[in-house]
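A.B. asks: Sharing a structure with you now.
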Amino acid sequence: MLLLITIVKLVNWYIYERTVSPYVDKNGLTRAVDYRLQKEYYWYSSQEGLQKIKLNRRALFLGFPENKKEIRKILRQRQLLVQNEQSMVLALSLLKENGIIE
C-alpha cells in the first residue's frame, strides 16, 4: 500500500517560557523566567491530514508502520541518521525514490 505524503516543510516556531529560580541577568536585573525558542515539525498525508512529528527514525516508523522493515533497511544501507531537518528531508526523498511513498 502506497501512502501519499505531501512533503511540506512546515515548521512552527514559538517562544517557550518557563519559570526558573531567580537569577541576575547580564544587565543586572533579577529574572525568574527563561525563554527558549522551540520548533515543531509537521507533515501532511491525505489519509490523516496534518501530523506533528519529531525528527527521528521512530517518526518514520510510526508514519509508515507497514513498511518498517524496508525503511530500516534503506536507512541502514545509506548510513543515515535522522536527527535534523536535512536528514529528515533526505530520508523522505529516499523513501520516495524506493516507492514507499508517492
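Here's how to read the names in the C-alpha cells: chain A, B, ... by the order shown, residue numbers from 1 in each chain, ligand numbers from 1 in the order shown.
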Could you build a table of the residues in region 42-76 of chain A lying no more than 12 Å from region 86-89 of chain A, giving for each the nearest pair of atoms and their separation in Å rounded to one decimal place, using only C-alpha atoms, ordered by chain and ascending residue number, as JSON lines?
C.D. replies:
```
{"residue": "A:Tyr42", "atom": "CA", "partner": "A:Met88", "partner_atom": "CA", "distance": 11.5}
{"residue": "A:Trp43", "atom": "CA", "partner": "A:Val89", "partner_atom": "CA", "distance": 10.9}
{"residue": "A:Ile53", "atom": "CA", "partner": "A:Met88", "partner_atom": "CA", "distance": 10.6}
{"residue": "A:Lys54", "atom": "CA", "partner": "A:Met88", "partner_atom": "CA", "distance": 9.6}
{"residue": "A:Leu55", "atom": "CA", "partner": "A:Met88", "partner_atom": "CA", "distance": 6.5}
{"residue": "A:Asn56", "atom": "CA", "partner": "A:Met88", "partner_atom": "CA", "distance": 7.6}
{"residue": "A:Arg57", "atom": "CA", "partner": "A:Met88", "partner_atom": "CA", "distance": 8.6}
{"residue": "A:Arg58", "atom": "CA", "partner": "A:Met88", "partner_atom": "CA", "distance": 11.4}
{"residue": "A:Ala59", "atom": "CA", "partner": "A:Met88", "partner_atom": "CA", "distance": 9.7}
{"residue": "A:Leu60", "atom": "CA", "partner": "A:Met88", "partner_atom": "CA", "distance": 8.9}
{"residue": "A:Leu75", "atom": "CA", "partner": "A:Ser87", "partner_atom": "CA", "distance": 10.4}
```
A.B. asks: Please save N, CA and C atoms of the selected residues as a PDB file, in the first residue's frame.
C.D. replies:
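Writing the result to selection_18.pdb gives the following:
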```pdb
ATOM      1  N   TYR A  42       5.842  19.333  11.116  1.00  0.00           N
ATOM      2  CA  TYR A  42       4.616  18.677  10.673  1.00  0.00           C
ATOM      3  C   TYR A  42       4.819  18.103   9.275  1.00  0.00           C
ATOM      4  N   TRP A  43       4.040  17.069   8.951  1.00  0.00           N
ATOM      5  CA  TRP A  43       3.916  16.632   7.575  1.00  0.00           C
ATOM      6  C   TRP A  43       2.444  16.395   7.289  1.00  0.00           C
ATOM      7  N   ILE A  53       5.341  15.786  14.009  1.00  0.00           N
ATOM      8  CA  ILE A  53       6.346  14.734  14.083  1.00  0.00           C
ATOM      9  C   ILE A  53       7.591  15.244  14.786  1.00  0.00           C
ATOM     10  N   LYS A  54       8.395  14.316  15.219  1.00  0.00           N
ATOM     11  CA  LYS A  54       9.720  14.629  15.734  1.00  0.00           C
ATOM     12  C   LYS A  54      10.722  14.223  14.662  1.00  0.00           C
ATOM     13  N   LEU A  55      11.899  14.778  14.733  1.00  0.00           N
ATOM     14  CA  LEU A  55      12.917  14.480  13.734  1.00  0.00           C
ATOM     15  C   LEU A  55      13.752  13.292  14.199  1.00  0.00           C
ATOM     16  N   ASN A  56      13.196  12.098  14.020  1.00  0.00           N
ATOM     17  CA  ASN A  56      13.918  10.883  14.361  1.00  0.00           C
ATOM     18  C   ASN A  56      13.390   9.716  13.537  1.00  0.00           C
ATOM     19  N   ARG A  57      14.065   8.581  13.629  1.00  0.00           N
ATOM     20  CA  ARG A  57      13.678   7.390  12.864  1.00  0.00           C
ATOM     21  C   ARG A  57      12.318   6.862  13.287  1.00  0.00           C
ATOM     22  N   ARG A  58      12.044   6.982  14.562  1.00  0.00           N
ATOM     23  CA  ARG A  58      10.779   6.457  15.084  1.00  0.00           C
ATOM     24  C   ARG A  58       9.575   7.125  14.415  1.00  0.00           C
ATOM     25  N   ALA A  59       9.694   8.399  14.091  1.00  0.00           N
ATOM     26  CA  ALA A  59       8.614   9.106  13.407  1.00  0.00           C
ATOM     27  C   ALA A  59       8.339   8.485  12.043  1.00  0.00           C
ATOM     28  N   LEU A  60       9.399   8.090  11.347  1.00  0.00           N
ATOM     29  CA  LEU A  60       9.210   7.417  10.053  1.00  0.00           C
ATOM     30  C   LEU A  60       8.541   6.062  10.234  1.00  0.00           C
ATOM     31  N   LEU A  75      17.539   3.020   5.430  1.00  0.00           N
ATOM     32  CA  LEU A  75      18.326   3.921   6.276  1.00  0.00           C
ATOM     33  C   LEU A  75      19.657   3.297   6.681  1.00  0.00           C
TER      34      LEU A  75
END
```
A.B. asks: Write out as a PyMOL selection string each polymer residue whose atoms come within 8 Å of Ile15 (chain A), counting only C-alpha atoms; drop sequence neighbours fewer than 5 positions from it.
C.D. replies: chain A and resi 35-38
A.B. asks: How many Å separate CA of Leu90 (chain A) from CA of Arg76 (chain A)?
C.D. replies: 13.4 Å
A.B. asks: Give me, please, the distance in Å between CA of Tyr44 (chain A) and CA of Arg78 (chain A), quoted to one decimal.
C.D. replies: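 So the answer is 24.9 Å.
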A.B. asks: Please provide the set of residues having any atom within 12 Å of region 91-93 of chain A, restricted to only C-alpha atoms, with same-chain residues fewer than 3 positions apart removed, written as an MDAnalysis selection string.
C.D. replies: chainID A and resid 4:9 43 55:57 59:61 63:64 71:88 96:102
A.B. asks: Can I get the selected residues back with N, CA and C atoms, as a compact mmCIF listing (two decimals), in the first residue's frame?
C.D. replies:
```txt
# COMPACT_ATOMS: atom_id res chain seq x y z
N LEU A 4 0.24 8.39 0.29
CA LEU A 4 0.53 9.67 -0.33
C LEU A 4 0.88 10.69 0.74
N ILE A 5 2.13 11.12 0.74
CA ILE A 5 2.60 12.14 1.68
C ILE A 5 3.03 13.34 0.86
N THR A 6 2.49 14.46 1.16
CA THR A 6 2.97 15.69 0.57
C THR A 6 4.05 16.22 1.48
N ILE A 7 5.27 16.26 0.99
CA ILE A 7 6.38 16.69 1.81
C ILE A 7 6.40 18.22 1.81
N VAL A 8 5.92 18.76 2.89
CA VAL A 8 5.87 20.20 3.05
C VAL A 8 6.72 20.54 4.27
N LYS A 9 7.61 21.46 4.08
CA LYS A 9 8.44 21.88 5.21
C LYS A 9 7.62 22.87 6.02
N TRP A 43 4.04 17.07 8.95
CA TRP A 43 3.92 16.63 7.58
C TRP A 43 2.44 16.39 7.29
N LEU A 55 11.90 14.78 14.73
CA LEU A 55 12.92 14.48 13.73
C LEU A 55 13.75 13.29 14.20
N ASN A 56 13.20 12.10 14.02
CA ASN A 56 13.92 10.88 14.36
C ASN A 56 13.39 9.72 13.54
N ARG A 57 14.06 8.58 13.63
CA ARG A 57 13.68 7.39 12.86
C ARG A 57 12.32 6.86 13.29
N ALA A 59 9.69 8.40 14.09
CA ALA A 59 8.61 9.11 13.41
C ALA A 59 8.34 8.48 12.04
N LEU A 60 9.40 8.09 11.35
CA LEU A 60 9.21 7.42 10.05
C LEU A 60 8.54 6.06 10.23
N PHE A 61 8.96 5.32 11.26
CA PHE A 61 8.37 4.00 11.50
C PHE A 61 6.89 4.13 11.88
N GLY A 63 4.93 6.62 11.03
CA GLY A 63 4.20 7.15 9.87
C GLY A 63 3.91 6.09 8.82
N PHE A 64 4.77 5.09 8.73
CA PHE A 64 4.63 4.02 7.74
C PHE A 64 4.83 2.67 8.42
N ILE A 71 12.01 0.51 5.46
CA ILE A 71 12.57 1.80 5.88
C ILE A 71 13.85 1.58 6.66
N ARG A 72 13.83 0.64 7.57
CA ARG A 72 15.02 0.35 8.37
C ARG A 72 16.18 -0.08 7.46
N LYS A 73 15.89 -0.90 6.47
CA LYS A 73 16.91 -1.38 5.55
C LYS A 73 17.50 -0.23 4.73
N ILE A 74 16.64 0.64 4.21
CA ILE A 74 17.11 1.78 3.41
C ILE A 74 17.99 2.70 4.22
N LEU A 75 17.54 3.02 5.43
CA LEU A 75 18.33 3.92 6.28
C LEU A 75 19.66 3.30 6.68
N ARG A 76 19.65 2.00 6.93
CA ARG A 76 20.89 1.31 7.30
C ARG A 76 21.86 1.26 6.13
N GLN A 77 21.36 0.98 4.93
CA GLN A 77 22.23 0.92 3.76
C GLN A 77 22.87 2.27 3.46
N ARG A 78 22.13 3.32 3.64
CA ARG A 78 22.65 4.67 3.38
C ARG A 78 23.39 5.26 4.58
N GLN A 79 23.38 4.54 5.70
CA GLN A 79 24.00 5.00 6.95
C GLN A 79 23.48 6.39 7.32
N LEU A 80 22.17 6.53 7.28
CA LEU A 80 21.52 7.81 7.51
C LEU A 80 20.92 7.86 8.91
N LEU A 81 21.34 8.82 9.69
CA LEU A 81 20.75 9.09 11.00
C LEU A 81 19.79 10.25 10.84
N VAL A 82 18.55 10.04 11.22
CA VAL A 82 17.54 11.10 11.11
C VAL A 82 17.53 11.86 12.42
N GLN A 83 18.10 13.06 12.40
CA GLN A 83 18.18 13.84 13.63
C GLN A 83 18.07 15.34 13.41
N ASN A 84 17.94 15.78 12.16
CA ASN A 84 17.75 17.21 11.89
C ASN A 84 16.90 17.36 10.63
N GLU A 85 16.65 18.61 10.25
CA GLU A 85 15.78 18.87 9.11
C GLU A 85 16.32 18.27 7.82
N GLN A 86 17.60 18.47 7.56
CA GLN A 86 18.19 18.00 6.31
C GLN A 86 18.14 16.47 6.21
N SER A 87 18.43 15.78 7.29
CA SER A 87 18.42 14.32 7.24
C SER A 87 17.00 13.77 7.09
N MET A 88 15.99 14.47 7.66
CA MET A 88 14.61 14.02 7.50
C MET A 88 14.17 14.20 6.06
N LYS A 96 10.73 8.08 -1.15
CA LYS A 96 10.02 8.36 -2.41
C LYS A 96 10.69 7.66 -3.58
N GLU A 97 12.03 7.69 -3.62
CA GLU A 97 12.79 7.01 -4.70
C GLU A 97 12.54 5.52 -4.71
N ASN A 98 12.40 4.93 -3.53
CA ASN A 98 12.22 3.49 -3.43
C ASN A 98 10.76 3.06 -3.47
N GLY A 99 9.83 3.97 -3.71
CA GLY A 99 8.43 3.62 -3.93
C GLY A 99 7.64 3.38 -2.67
N ILE A 100 8.14 3.76 -1.53
CA ILE A 100 7.39 3.56 -0.30
C ILE A 100 6.33 4.64 -0.14
N ILE A 101 6.65 5.86 -0.56
CA ILE A 101 5.66 6.94 -0.57
C ILE A 101 5.61 7.51 -1.98
N GLU A 102 4.52 8.20 -2.27
CA GLU A 102 4.35 8.85 -3.59
C GLU A 102 4.75 10.28 -3.53
```
A.B. asks: As a list in words, please: the residues near Ser21 (chain A) (cut-off 8 Å, only C-alpha atoms, same-chain neighbours under 2 positions excluded).
C.D. replies: Thr19, Tyr23, Ala32 and Val33 of chain A
A.B. asks: Determine which residues of region 38-101 of chain A receive a DSSP assignment of strand (DSSP E), computed from the backbone, and state them as a list in words.
C.D. replies: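 Filtering region 38-101 of chain A down to strand (DSSP E) leaves Gln38, Lys39, Glu40, Tyr41, Tyr42, Trp43, Tyr44, Ser45, Gly49, Leu50, Gln51, Lys52 and Ile53 of chain A.
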A.B. asks: Keeping only C-alpha atoms, write the selected residues to a file as a JSON list (two decimals), in the first residue's frame.
C.D. replies:
```json
[["chain", "number", "residue", "atom", "x", "y", "z"],
["A", 38, "GLN", "CA", 11.11, 25.85, 20.19],
["A", 39, "LYS", "CA", 10.28, 24.31, 16.82],
["A", 40, "GLU", "CA", 7.52, 21.87, 15.93],
["A", 41, "TYR", "CA", 7.61, 19.94, 12.65],
["A", 42, "TYR", "CA", 4.62, 18.68, 10.67],
["A", 43, "TRP", "CA", 3.92, 16.63, 7.58],
["A", 44, "TYR", "CA", 0.71, 16.26, 5.61],
["A", 45, "SER", "CA", -0.82, 12.97, 4.46],
["A", 49, "GLY", "CA", -4.09, 15.22, 7.42],
["A", 50, "LEU", "CA", -1.55, 17.36, 9.21],
["A", 51, "GLN", "CA", 0.54, 15.44, 11.77],
["A", 52, "LYS", "CA", 3.09, 16.70, 14.25],
["A", 53, "ILE", "CA", 6.35, 14.73, 14.08]]
```
A.B. asks: Please indicate the distance in Å from CA of Glu48 (chain A) to CA of Glu66 (chain A), rounded to one decimal place.
C.D. replies: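 We find that CA of Glu48 (chain A) and CA of Glu66 (chain A) lie 15.4 Å from each other.
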